[in-house]
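Asks: Below is work-v4.txt; it holds compact mmCIF, C-alpha atoms and all ligand atoms.
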```
# COMPACT_ATOMS: atom_id res chain seq x y z
CA VAL A 942 -134.25 -21.01 116.97
CA VAL A 943 -133.62 -17.56 115.52
CA PRO A 944 -131.72 -14.60 116.97
CA HIS A 945 -133.80 -12.63 119.46
CA LEU A 946 -132.45 -9.31 118.26
CA ASP A 947 -133.66 -7.45 115.20
CA ALA A 948 -131.29 -6.88 112.33
CA MET A 949 -129.49 -3.60 112.83
CA ASP A 950 -130.41 -1.31 109.95
CA ALA A 951 -128.17 1.60 109.03
CA ALA A 952 -130.59 4.38 110.06
CA TRP A 953 -130.97 2.87 113.50
CA THR A 954 -127.26 2.61 114.15
CA ALA A 955 -126.34 5.96 112.54
CA GLY A 956 -124.34 8.14 114.90
CA VAL A 957 -123.22 5.20 117.02
CA THR A 958 -119.50 4.78 117.26
CA MET A 959 -118.31 1.20 117.18
CA GLY A 960 -116.52 -0.06 120.24
CA GLU A 961 -112.81 -0.27 120.70
CA GLY A 962 -113.06 -3.81 122.02
CA PRO A 963 -111.14 -6.72 120.48
CA ARG A 964 -112.26 -8.59 117.35
CA ILE A 965 -114.33 -11.64 118.29
CA GLY A 966 -114.79 -14.78 116.22
CA VAL A 967 -117.80 -16.95 117.02
CA GLY A 968 -116.75 -20.55 116.48
CA PRO A 969 -118.75 -23.79 116.40
CA PHE A 970 -121.50 -24.48 118.95
CA VAL A 971 -122.51 -28.01 119.96
CA ASP A 972 -125.86 -29.37 121.16
CA ARG A 973 -125.19 -31.31 124.39
CA ARG A 974 -128.65 -31.32 125.92
CA SER A 975 -129.45 -34.21 128.24
CA ASP A 976 -132.13 -36.78 127.51
CA LEU A 977 -134.25 -35.07 130.14
CA SER A 978 -134.05 -31.84 128.16
CA ARG A 979 -135.07 -33.63 124.97
CA ALA A 980 -137.99 -35.69 126.26
CA PRO A 981 -141.19 -33.77 126.84
CA GLN A 982 -142.80 -34.26 130.25
CA TRP A 983 -146.51 -34.55 130.77
CA PRO A 984 -148.59 -34.26 133.89
CA THR A 985 -149.50 -37.61 135.43
CA VAL A 986 -153.08 -38.85 135.56
CA ARG A 987 -154.75 -39.23 138.93
CA PRO A 988 -158.25 -40.29 139.81
CA ALA A 989 -160.40 -37.47 141.12
CA TRP A 990 -163.92 -37.11 142.41
CA VAL A 991 -166.25 -38.04 139.50
CA GLY A 992 -163.49 -37.70 136.94
CA VAL A 993 -159.75 -37.66 136.49
CA MET A 994 -157.10 -35.01 136.79
CA TRP A 995 -153.65 -34.43 135.41
CA VAL A 996 -151.18 -32.88 137.80
CA GLY A 997 -147.55 -32.08 137.30
CA GLU A 998 -145.04 -30.47 135.06
CA ARG A 999 -145.44 -29.96 131.37
CA SER A 1000 -142.24 -29.29 129.48
CA THR A 1001 -140.76 -28.70 126.07
CA GLY A 1002 -138.99 -31.52 124.27
CA GLU A 1003 -137.02 -32.31 121.17
CA ARG A 1004 -139.87 -31.43 118.82
CA SER A 1005 -140.72 -28.07 120.42
CA PHE A 1006 -137.90 -26.35 118.56
CA HIS A 1007 -137.32 -26.17 114.84
CA GLY A 1008 -133.94 -26.35 113.22
CA ASP A 1009 -130.49 -26.80 114.60
CA ILE A 1010 -130.36 -25.58 118.21
CA ALA A 1011 -126.58 -25.25 118.31
CA GLU A 1012 -126.54 -23.15 115.10
CA GLY A 1013 -129.44 -21.03 116.37
CA ALA A 1014 -127.67 -20.37 119.66
CA ARG A 1015 -124.50 -19.47 117.81
CA ALA A 1016 -126.32 -16.99 115.52
CA ASP A 1017 -127.99 -15.43 118.58
CA VAL A 1018 -124.65 -15.02 120.37
CA ALA A 1019 -123.18 -13.30 117.29
CA ALA A 1020 -126.24 -11.00 116.97
CA THR A 1021 -126.02 -10.11 120.68
CA LEU A 1022 -122.29 -9.34 120.45
CA ARG A 1023 -122.94 -7.06 117.46
CA TYR A 1024 -125.96 -5.38 119.05
CA THR A 1025 -123.97 -4.11 122.02
CA GLY A 1026 -121.46 -2.38 119.78
CA LEU A 1027 -118.68 -3.08 122.30
CA PHE A 1028 -116.43 -4.97 119.88
CA ARG A 1029 -114.60 -3.77 116.79
CA SER A 1030 -115.80 -6.75 114.79
CA VAL A 1031 -117.81 -9.95 115.23
CA SER A 1032 -117.37 -12.72 112.66
CA MET A 1033 -118.39 -16.34 112.22
CA VAL A 1034 -115.48 -18.78 112.29
CA ASP A 1035 -115.92 -22.42 111.25
CA ALA A 1036 -112.89 -23.72 113.14
CA TYR A 1037 -111.73 -24.32 116.67
CA GLU A 1038 -108.49 -22.44 116.01
CA PRO A 1039 -108.64 -18.63 115.85
CA PRO A 1040 -107.86 -17.32 112.34
CA PRO A 1041 -105.40 -14.38 112.04
CA ASP A 1042 -108.11 -11.70 111.76
CA VAL A 1043 -109.65 -12.27 115.21
CA ASP A 1044 -108.28 -11.58 118.70
CA TYR A 1045 -110.49 -14.10 120.51
CA LEU A 1046 -112.50 -17.15 119.51
CA LEU A 1047 -115.67 -18.06 121.41
CA THR A 1048 -117.24 -21.53 121.29
CA GLY A 1049 -120.22 -22.94 123.18
CA GLU A 1050 -122.02 -26.09 124.26
CA VAL A 1051 -125.78 -25.89 124.80
CA GLU A 1052 -126.32 -28.09 127.86
CA GLU A 1053 -129.93 -27.27 128.54
CA LEU A 1054 -132.84 -25.52 126.85
CA LEU A 1055 -136.11 -26.16 128.57
CA GLY A 1056 -139.49 -24.57 129.17
CA LEU A 1057 -141.69 -25.94 131.91
CA GLN A 1058 -144.88 -25.19 133.70
CA TYR A 1059 -146.77 -26.70 136.58
CA THR A 1060 -150.34 -27.45 135.57
CA LYS A 1061 -153.41 -29.05 137.07
CA VAL A 1062 -156.18 -30.02 134.67
CA GLU A 1063 -159.41 -31.71 135.75
CA LEU A 1064 -161.88 -33.70 133.73
CA ASN A 1065 -165.01 -33.67 135.78
CA LEU A 1066 -167.94 -35.75 134.60
CA LEU A 1067 -170.38 -33.34 136.19
CA SER A 1068 -169.09 -30.35 134.25
CA ALA A 1069 -168.78 -29.61 130.57
CA GLY A 1070 -165.17 -30.61 129.95
CA LEU A 1071 -161.61 -29.97 130.88
CA ILE A 1072 -160.99 -27.36 133.51
CA VAL A 1073 -157.53 -25.93 133.97
CA THR A 1074 -157.57 -25.30 137.68
CA ARG A 1075 -154.04 -24.16 137.99
CA ALA A 1076 -151.28 -23.17 135.59
CA ASP A 1077 -148.22 -21.46 137.01
CA THR A 1078 -146.09 -18.99 135.11
CA PRO A 1079 -143.96 -20.75 132.48
CA ILE A 1080 -140.31 -21.05 133.47
CA GLY A 1081 -137.51 -21.06 130.94
CA THR A 1082 -134.13 -22.58 131.73
CA ALA A 1083 -131.03 -22.46 129.58
CA ARG A 1084 -127.45 -23.46 130.29
CA VAL A 1085 -124.58 -22.92 127.89
CA ARG A 1086 -120.93 -23.69 128.57
CA PHE A 1087 -118.71 -21.10 126.91
CA ARG A 1088 -115.03 -21.17 126.12
CA LEU A 1089 -112.91 -18.21 125.05
CA VAL A 1090 -109.53 -18.73 123.42
CA SER A 1091 -106.97 -16.02 122.64
CA ALA A 1092 -105.29 -15.54 119.23
CA ALA A 1093 -102.33 -17.45 120.66
CA GLY A 1094 -104.62 -20.43 121.29
CA GLU A 1095 -104.67 -20.08 125.09
CA GLU A 1096 -107.87 -20.60 127.01
CA VAL A 1097 -108.64 -17.31 128.75
CA TRP A 1098 -112.10 -18.06 130.13
CA ARG A 1099 -114.35 -21.06 130.42
CA ALA A 1100 -117.61 -21.21 132.34
CA PRO A 1101 -121.20 -22.38 132.14
CA LEU A 1102 -123.88 -19.67 132.36
CA GLU A 1103 -127.34 -20.69 133.44
CA THR A 1104 -130.52 -18.64 133.37
CA ARG A 1105 -133.84 -19.46 134.95
CA LEU A 1106 -136.52 -17.03 133.92
CA GLU A 1107 -140.17 -16.76 134.86
CA VAL A 1108 -141.91 -15.46 131.79
CA GLY A 1109 -145.54 -14.39 132.03
CA ARG A 1110 -148.09 -14.77 129.24
CA THR A 1111 -146.01 -16.84 126.86
CA SER A 1112 -145.54 -20.35 125.53
CA LEU A 1113 -143.19 -22.90 127.05
CA LYS A 1114 -141.04 -22.73 123.95
CA GLN A 1115 -140.77 -18.95 124.13
CA ALA A 1116 -139.89 -19.15 127.83
CA ALA A 1117 -137.01 -21.47 126.95
CA LEU A 1118 -135.82 -19.25 124.09
CA ASP A 1119 -136.02 -16.15 126.30
CA ALA A 1120 -133.86 -17.88 128.91
CA LEU A 1121 -131.34 -18.66 126.15
CA ALA A 1122 -131.40 -15.06 124.91
CA VAL A 1123 -130.83 -13.71 128.44
CA THR A 1124 -127.96 -16.19 128.87
CA HIS A 1125 -126.37 -14.63 125.79
CA GLN A 1126 -126.90 -11.10 127.06
CA ARG A 1127 -125.23 -12.11 130.33
CA LEU A 1128 -122.38 -13.69 128.36
CA VAL A 1129 -121.77 -10.40 126.57
CA VAL A 1130 -121.80 -8.51 129.90
CA GLU A 1131 -119.12 -10.95 131.09
CA LEU A 1132 -117.03 -10.56 127.93
CA GLY A 1133 -117.52 -6.79 128.01
CA GLN A 1134 -116.20 -6.61 131.56
CA ARG A 1135 -113.27 -8.91 130.82
CA LEU A 1136 -112.18 -7.60 127.43
CA VAL A 1137 -113.50 -4.07 127.00
CA GLY A 1138 -114.56 -2.21 130.16
CA PRO A 1139 -116.88 0.80 130.32
CA ARG A 1140 -117.82 2.48 127.04
CA ILE A 1141 -117.29 5.90 128.61
CA ARG A 1142 -114.55 6.70 131.11
CA PRO A 1143 -113.69 7.69 133.81
CA LEU A 1144 -116.34 5.97 135.91
CA ARG A 1145 -118.93 8.28 137.49
CA SER A 1146 -120.40 7.18 140.84
CA VAL A 1147 -124.05 7.90 141.54
CA ALA A 1148 -125.49 7.33 145.03
CA LEU A 1149 -128.79 5.44 144.92
CA ARG A 1150 -131.14 5.47 147.91
CA VAL A 1151 -132.98 2.14 147.84
CA LEU A 1152 -136.33 2.08 149.65
CA ASP A 1153 -136.96 -1.61 150.28
CA ALA A 1154 -140.63 -2.35 150.86
CA CYS A 1155 -140.25 -5.93 149.58
CA GLY A 1156 -138.44 -7.27 152.63
CA LEU A 1157 -135.41 -8.16 150.48
CA GLY A 1158 -132.96 -7.13 153.18
CA ASP A 1159 -129.67 -5.32 152.77
CA LYS A 1160 -127.72 -8.19 151.17
CA LEU A 1161 -130.21 -9.14 148.46
CA ALA A 1162 -131.10 -5.52 147.66
CA ARG A 1163 -127.40 -4.70 147.28
CA ARG A 1164 -126.85 -7.65 144.97
CA LEU A 1165 -129.75 -6.51 142.81
CA ILE A 1166 -128.29 -3.01 142.52
CA GLU A 1167 -124.86 -4.52 141.75
CA ASP A 1168 -126.47 -6.38 138.82
CA THR A 1169 -128.12 -3.16 137.68
CA SER A 1170 -124.87 -1.28 138.08
CA GLU A 1171 -123.12 -3.77 135.74
CA ILE A 1172 -125.46 -2.62 132.97
CA PHE A 1173 -124.78 1.07 133.62
CA GLU A 1174 -121.03 0.58 134.07
CA LEU A 1175 -120.61 -1.07 130.67
CA GLU A 1176 -123.05 1.18 128.81
CA LEU A 1177 -122.10 4.57 130.15
CA GLY A 1178 -119.44 4.24 132.80
CA VAL A 1179 -121.83 4.99 135.65
CA GLU A 1180 -121.51 3.03 138.87
CA LEU A 1181 -124.50 2.86 141.24
CA LEU A 1182 -123.69 2.99 144.96
CA PRO A 1183 -126.70 1.69 146.92
CA ILE A 1184 -127.81 2.92 150.34
CA VAL A 1185 -130.49 0.43 151.38
CA GLU A 1186 -133.19 1.12 153.96
CA THR A 1187 -136.41 -0.59 154.92
CA TRP A 1188 -139.46 1.28 153.75
CA VAL A 1189 -143.09 1.09 154.76
CA PRO A 1190 -145.27 2.73 152.09
CA PRO A 1191 -148.23 4.75 153.37
CA ASP A 1192 -151.53 2.91 153.91
CA GLY A 1193 -153.60 2.64 150.77
CA ALA A 1194 -150.67 3.22 148.39
CA GLY A 1195 -151.36 0.28 146.08
CA SER A 1196 -150.78 1.56 142.58
CA ALA A 1197 -147.48 2.38 140.90
CA GLU A 1198 -148.47 6.05 140.76
CA ASP A 1199 -149.32 6.16 144.52
CA LEU A 1200 -146.02 4.52 145.37
CA LEU A 1201 -144.00 6.82 143.14
CA THR A 1202 -145.69 9.84 144.75
CA ALA A 1203 -144.88 8.44 148.20
CA ALA A 1204 -141.26 7.77 147.19
CA GLU A 1205 -140.98 11.34 145.93
CA GLY A 1206 -141.44 12.40 149.56
CA ARG A 1207 -138.00 10.90 150.28
CA ASP A 1208 -134.96 13.05 149.54
CA PRO A 1209 -132.37 11.69 147.11
CA PRO A 1210 -128.82 11.39 148.44
CA GLN A 1211 -126.31 14.10 147.52
CA ALA A 1212 -126.39 14.39 143.70
CA GLY A 1213 -128.05 10.96 143.56
CA LEU A 1214 -131.30 9.12 142.85
CA VAL A 1215 -134.01 7.16 144.66
CA VAL A 1216 -135.51 3.79 143.72
CA ALA A 1217 -138.36 2.26 145.69
CA LEU A 1218 -138.88 -1.51 145.51
CA ALA A 1219 -142.45 -2.21 146.50
CA PRO A 1220 -145.27 -4.68 145.90
CA PHE A 1221 -147.93 -3.30 143.63
CA HIS A 1222 -150.57 -4.97 141.58
CA GLU A 1223 -151.80 -2.44 139.12
CA GLY A 1224 -151.14 -3.66 135.62
CA LEU A 1225 -149.34 -6.83 136.61
CA GLY A 1226 -150.41 -9.90 134.72
CA ARG A 1227 -151.93 -7.79 131.98
CA PRO A 1228 -150.30 -7.59 128.54
CA GLY A 1229 -148.43 -4.32 128.50
CA GLY A 1230 -148.74 -4.15 132.27
CA ARG A 1231 -146.18 -2.12 134.11
CA SER A 1232 -143.70 -3.43 136.59
CA GLY A 1233 -142.14 -0.06 137.26
CA LEU A 1234 -142.69 3.67 136.95
CA ALA A 1235 -140.47 6.75 136.80
CA ARG A 1236 -140.91 10.38 135.95
CA GLN A 1237 -138.92 11.18 132.78
CA LEU A 1238 -135.76 13.10 133.81
CA GLY A 1239 -136.87 13.05 137.45
CA ARG A 1240 -134.93 11.62 140.39
CA HIS A 1241 -137.31 8.93 141.66
CA ALA A 1242 -138.39 5.52 140.36
CA VAL A 1243 -140.47 2.64 141.67
CA VAL A 1244 -140.11 -1.04 140.70
CA ALA A 1245 -142.51 -3.86 141.59
CA CYS A 1246 -141.38 -6.86 143.60
CA ALA A 1247 -144.55 -8.85 143.09
CA PRO A 1248 -145.13 -11.56 142.04
CA VAL A 1249 -141.37 -12.19 141.81
CA THR A 1250 -138.35 -10.30 143.10
CA PRO A 1251 -137.57 -7.13 141.14
CA ARG A 1252 -135.51 -7.59 138.01
CA ALA A 1253 -132.24 -5.77 137.50
CA ALA A 1254 -133.37 -5.00 133.95
CA THR A 1255 -136.54 -3.32 135.23
CA ILE A 1256 -134.55 -1.18 137.68
CA ALA A 1257 -132.18 -0.27 134.82
CA HIS A 1258 -135.19 0.60 132.64
CA GLU A 1259 -136.71 2.96 135.21
CA LEU A 1260 -133.35 4.58 136.02
CA GLY A 1261 -132.87 4.91 132.25
CA HIS A 1262 -135.91 7.23 132.16
CA LEU A 1263 -134.19 9.45 134.75
CA PHE A 1264 -131.37 9.87 132.22
CA GLY A 1265 -133.86 10.72 129.46
CA ALA A 1266 -134.04 7.26 127.81
CA VAL A 1267 -137.20 6.49 125.80
CA HIS A 1268 -139.13 3.35 124.92
CA VAL A 1269 -138.09 1.42 121.80
CA ARG A 1270 -139.56 -1.55 119.98
CA ASP A 1271 -136.40 -3.70 120.22
CA ARG A 1272 -137.26 -6.53 122.56
CA GLY A 1273 -133.57 -7.02 123.29
CA SER A 1274 -133.20 -3.48 124.69
CA VAL A 1275 -133.57 -2.50 128.34
CA MET A 1276 -135.95 0.23 127.10
CA TYR A 1277 -138.50 -2.19 125.61
CA PRO A 1278 -141.70 -1.03 127.33
CA VAL A 1279 -142.97 -4.40 128.58
CA ALA A 1280 -140.84 -6.00 131.26
CA ASP A 1281 -141.26 -9.61 130.13
CA PHE A 1282 -137.66 -9.95 129.11
CA ASP A 1283 -134.49 -9.49 131.13
CA ALA A 1284 -132.35 -7.48 128.70
CA ARG A 1285 -128.88 -6.32 129.76
CA PHE A 1286 -128.10 -3.73 127.09
CA PHE A 1287 -129.59 -0.55 125.72
CA ASP A 1288 -130.20 0.08 122.00
CA PRO A 1289 -128.32 2.45 119.66
CA LEU A 1290 -130.69 5.41 120.20
CA ASN A 1291 -130.75 5.17 123.99
CA ARG A 1292 -127.00 4.64 124.03
CA ARG A 1293 -126.64 8.11 122.51
CA ILE A 1294 -129.22 9.58 124.87
CA LEU A 1295 -127.46 8.10 127.89
CA ALA A 1296 -124.08 9.34 126.67
CA ALA A 1297 -125.51 12.87 126.40
CA ALA A 1298 -127.11 12.71 129.85
CA ARG A 1299 -124.48 10.70 131.72
CA ASP A 1300 -123.02 13.72 133.50
CA ARG A 1301 -126.42 15.20 134.30
CA ARG A 1302 -126.33 17.06 137.62
CA PHE A 1303 -129.34 15.51 139.27
CA GLU A 1304 -129.55 18.15 142.01
CA ARG A 1305 -130.17 20.90 139.45
CA PRO A 1306 -132.79 21.48 136.76
CA VAL A 1307 -131.85 19.94 133.39
CA ALA A 1308 -129.16 22.22 131.92
CA ALA A 1309 -129.88 24.11 128.70
CA ASP A 1310 -127.21 22.33 126.64
CA LEU A 1311 -128.44 18.89 127.75
CA ARG A 1312 -131.99 19.92 126.95
CA ARG A 1313 -130.89 20.92 123.44
CA ALA A 1314 -128.94 17.69 122.94
CA LEU A 1315 -131.89 15.55 124.02
CA ARG A 1316 -134.33 17.51 121.87
CA THR A 1317 -132.10 16.89 118.83
CA LEU A 1318 -131.94 13.16 119.59
CA TYR A 1319 -135.71 12.91 120.14
CA ASP A 1320 -136.34 14.78 116.86
CA GLU A 1321 -134.01 12.42 115.03
CA ALA A 1322 -135.71 9.38 116.59
CA ALA A 1323 -139.10 10.66 115.37
CA GLY A 1324 -137.85 9.73 111.88
CA LEU A 1325 -137.55 6.08 112.93
CA PRO A 1326 -141.14 4.99 113.61
CA ALA A 1327 -140.16 1.35 113.08
CA HIS A 1328 -138.11 1.54 116.26
CA VAL A 1329 -139.77 4.20 118.39
CA GLU A 1330 -143.33 4.87 119.50
CA LEU A 1331 -144.08 8.48 118.54
CA ALA A 1332 -146.42 9.07 121.49
CA ASP A 1333 -143.62 8.06 123.87
CA LEU A 1334 -141.22 10.45 122.18
CA GLU A 1335 -143.69 13.31 122.51
CA ALA A 1336 -144.12 12.52 126.20
CA ALA A 1337 -140.34 12.51 126.64
CA ALA A 1338 -139.98 15.80 124.75
CA GLY A 1339 -142.77 17.20 126.95
CA ALA A 1340 -140.73 16.40 130.04
CA LEU A 1341 -137.96 18.67 128.70
ZN ZN B 1401 -140.66 2.80 130.71
```
Would you mind writing the structure in this file as structure tokens?
Replies:
Amino acid sequence: VVPHLDAMDAAWTAGVTMGEGPRIGVGPFVDRRSDLSRAPQWPTVRPAWVGVMWVGERSTGERSFHGDIAEGARADVAATLRYTGLFRSVSMVDAYEPPPDVDYLLTGEVEELLGLQYTKVELNLLSAGLIVTRADTPIGTARVRFRLVSAAGEEVWRAPLETRLEVGRTSLKQAALDALAVTHQRLVVELGQRLVGPRIRPLRSVALRVLDACGLGDKLARRLIEDTSEIFELELGVELLPIVETWVPPDGAGSAEDLLTAAEGRDPPQAGLVVALAPFHEGLGRPGGRSGLARQLGRHAVVACAPVTPRAATIAHELGHLFGAVHVRDRGSVMYPVADFDARFFDPLNRRILAAARDRRFERPVAADLRRALRTLYDEAAGLPAHVELADLEAAAGAL
């Protein structure tokens, strides 16, 4: 179990101002997984026509993970806290009492870490061997109980956070680790809201017209946008105000491009943006497949709801493009190009891009000074090929 975020090298974080948030100490973590979490499950054998079949859930167990799970989770929490740059300092503390140089001490108990998958395998005597007739998407589940104590030793927050994540094209173990990583990203959102607040103030409100072609309904669609808004509020002090309506895409609009073109026929609200949530199949299930599309620095985005409900992180990613954000190779960033991970924070480069574009007047063409600022940031990023895909940068610069 190793941190899911890359080490932050100096060139990558250059120009990023550290947060004003309190100093956090990351204290001991404990492994409290249940026996069920530790024992691997296997599909059960059933007789079948001229053969046998195994049907049921396959899961990770004690031996699926290497090393100390509690220590791994702790290191990942510390890396995630640092990555977001919200806090003045993040240090490791080997005690349950906060030392004098921290304002808060965080401890955790890993209650569950599990990857599972429903499978159906047949051994048919008439055919050449084992046939996997059905294997559902691996599901990762993680639950960690966190406790936050102030410098005075008072408990200020205590809660379990649980994440259940469907992760395509990956191993059971990776699905479990991804669920753990997302749990940690959600933890930092929680701590950010409680202890720090928006990086940039005062809050700017942006109206978002939500075209719901997924049949989510007003309540669920609003909750999804609230989740997305949490990301934007912390990162750049932008609050998204959803206006949800049912949408029926035109007949034959099946690809992301078709749907984006159709959505572009809908006017954005006053000084706001449009996001269409629609089922589309192009690219899904393929490595590198898209689950959303937006025109760089445009006003419209589309996000897929199939095969699962849209993810807040994918909506944040596509809206990020409307603010000029570019793809990066950090898997822990919202701007990672493949939506197989549910990240809740941007990376240092996109943080600077978003800060430059946060007050963009969407109803007007991109202003000259913003265009200059973005060009400078894109040029600078071109010197960091380890983090940024150059072709993506050129495309973004082209949109200017
Ligand atoms: Zn993208």
Asks: Any idea what's packed within 10 Å of Gln1058 in chain A, counting only C-alpha atoms, ignoring anything in its chain fewer than 3 positions away? Could you give it as a VMD selection string?
Replies: chain A and resid 982 to 984 997 to 1001 1061 1076 to 1081 1107 1112 to 1113 1116
Asks: Pick out the residues no farther than 10 Å from ligand ZN 1401 (chain B), counting only C-alpha atoms and all ligand atoms, and list them as a ChimeraX atom specification.
Replies: /A:1231-1237,1255,1257-1262,1266-1269,1275-1280,1333
Asks: Could you please determine the separation between CA of His1241 in chain A and CA of Pro1220 in chain A in Å, to one decimal place?
Replies: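 That distance, rounded to one decimal, is 16.3 Å.
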Asks: Could you give me, as a ChimeraX atom specification, the residues that sit within 9 Å of (-115.7, -22.1, 122.9) in the file's coordinates, counting all atoms listed in the file?
Replies: /A:967-970,1037,1046-1050,1086-1090,1096,1099
Asks: Create the file for the chosen residues now, containing C-alpha atoms and written as a short mmCIF file (atom, residue, chain, number, x, y, z; two decimals), in the frame of the given file.
Replies:
```cif
data_model
loop_
_atom_site.label_atom_id
_atom_site.label_comp_id
_atom_site.auth_asym_id
_atom_site.auth_seq_id
_atom_site.Cartn_x
_atom_site.Cartn_y
_atom_site.Cartn_z
CA VAL A 967 -117.80 -16.95 117.02
CA GLY A 968 -116.75 -20.55 116.48
CA PRO A 969 -118.75 -23.79 116.40
CA PHE A 970 -121.50 -24.48 118.95
CA TYR A 1037 -111.73 -24.32 116.67
CA LEU A 1046 -112.50 -17.15 119.51
CA LEU A 1047 -115.67 -18.06 121.41
CA THR A 1048 -117.24 -21.53 121.29
CA GLY A 1049 -120.22 -22.94 123.18
CA GLU A 1050 -122.02 -26.09 124.26
CA ARG A 1086 -120.93 -23.69 128.57
CA PHE A 1087 -118.71 -21.10 126.91
CA ARG A 1088 -115.03 -21.17 126.12
CA LEU A 1089 -112.91 -18.21 125.05
CA VAL A 1090 -109.53 -18.73 123.42
CA GLU A 1096 -107.87 -20.60 127.01
CA ARG A 1099 -114.35 -21.06 130.42
#
```
Asks: Of the candidates A:Glu1330, A:Glu1167, A:Glu1198, A:Glu1038, which shows the shortest atom-to-atom distance to Gly1094 in chain A, using all atoms listed in the file?
Replies: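 Checking each candidate against Gly1094 in chain A, we get A:Glu1038 as the closest.
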Asks: Restricting the calculation to only C-alpha atoms, which member of A:Gln1115, A:Thr1104, A:Thr1025, A:Thr1317 is positioned closest to Gly1056 in chain A?
Replies: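 Nearest to Gly1056 in chain A: A:Gln1115.
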Asks: I'd like the neighbourhood of Gly1239 in chain A as a ChimeraX atom specification, where a residue qualifies if any of its atoms comes within 12 Å (using only C-alpha atoms), though same-chain residues fewer than 2 positions away should be ignored.
Replies: /A:1201-1202,1204-1205,1209,1213-1216,1234-1237,1241-1243,1259-1266,1301-1307,1337,1340-1341
Asks: Would you kindly return, as a compact mmCIF listing (two decimals) with C-alpha atoms, in the coordinates of the input, each protein, DNA or RNA residue with an atom no farther than 7 Å from any atom of Ala1020 in chain A, considering all atoms listed in the file and excluding same-chain residues fewer than 3 positions away?
Replies:
```
# COMPACT_ATOMS: atom_id res chain seq x y z
CA PRO A 944 -131.72 -14.60 116.97
CA LEU A 946 -132.45 -9.31 118.26
CA ALA A 1016 -126.32 -16.99 115.52
CA ASP A 1017 -127.99 -15.43 118.58
CA ARG A 1023 -122.94 -7.06 117.46
CA TYR A 1024 -125.96 -5.38 119.05
```
Asks: Can you work out which one of A:Cys1246, A:Asp1310, A:Glu1171, A:Ala1322 has the shortest atom-to-atom distance to Val1129 in chain A, counting all atoms listed in the file?
Replies: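 Of all the options, A:Glu1171 lies closest to Val1129 in chain A.
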Asks: Point out the residue among A:Leu1218, A:Trp1188, A:Ala1194, A:Ala1148 with the least atom-to-atom distance to Arg1240 in chain A, counting all atoms listed in the file.
Replies: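 Closest candidate: A:Ala1148.
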Asks: Pick out the closest residue to Arg1164 in chain A from this set: A:Gly1109, A:Arg1252, A:Asp1044, A:Thr954. Count all atoms listed in the file.
Replies: A:Arg1252
Asks: Can you work out which one of A:Asp1042, A:Asp1035, A:Asp950, A:Glu1180 has the shortest atom-to-atom distance to Leu1149 in chain A, counting only C-alpha atoms?
Replies: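 Of all the options, A:Glu1180 lies closest to Leu1149 in chain A.
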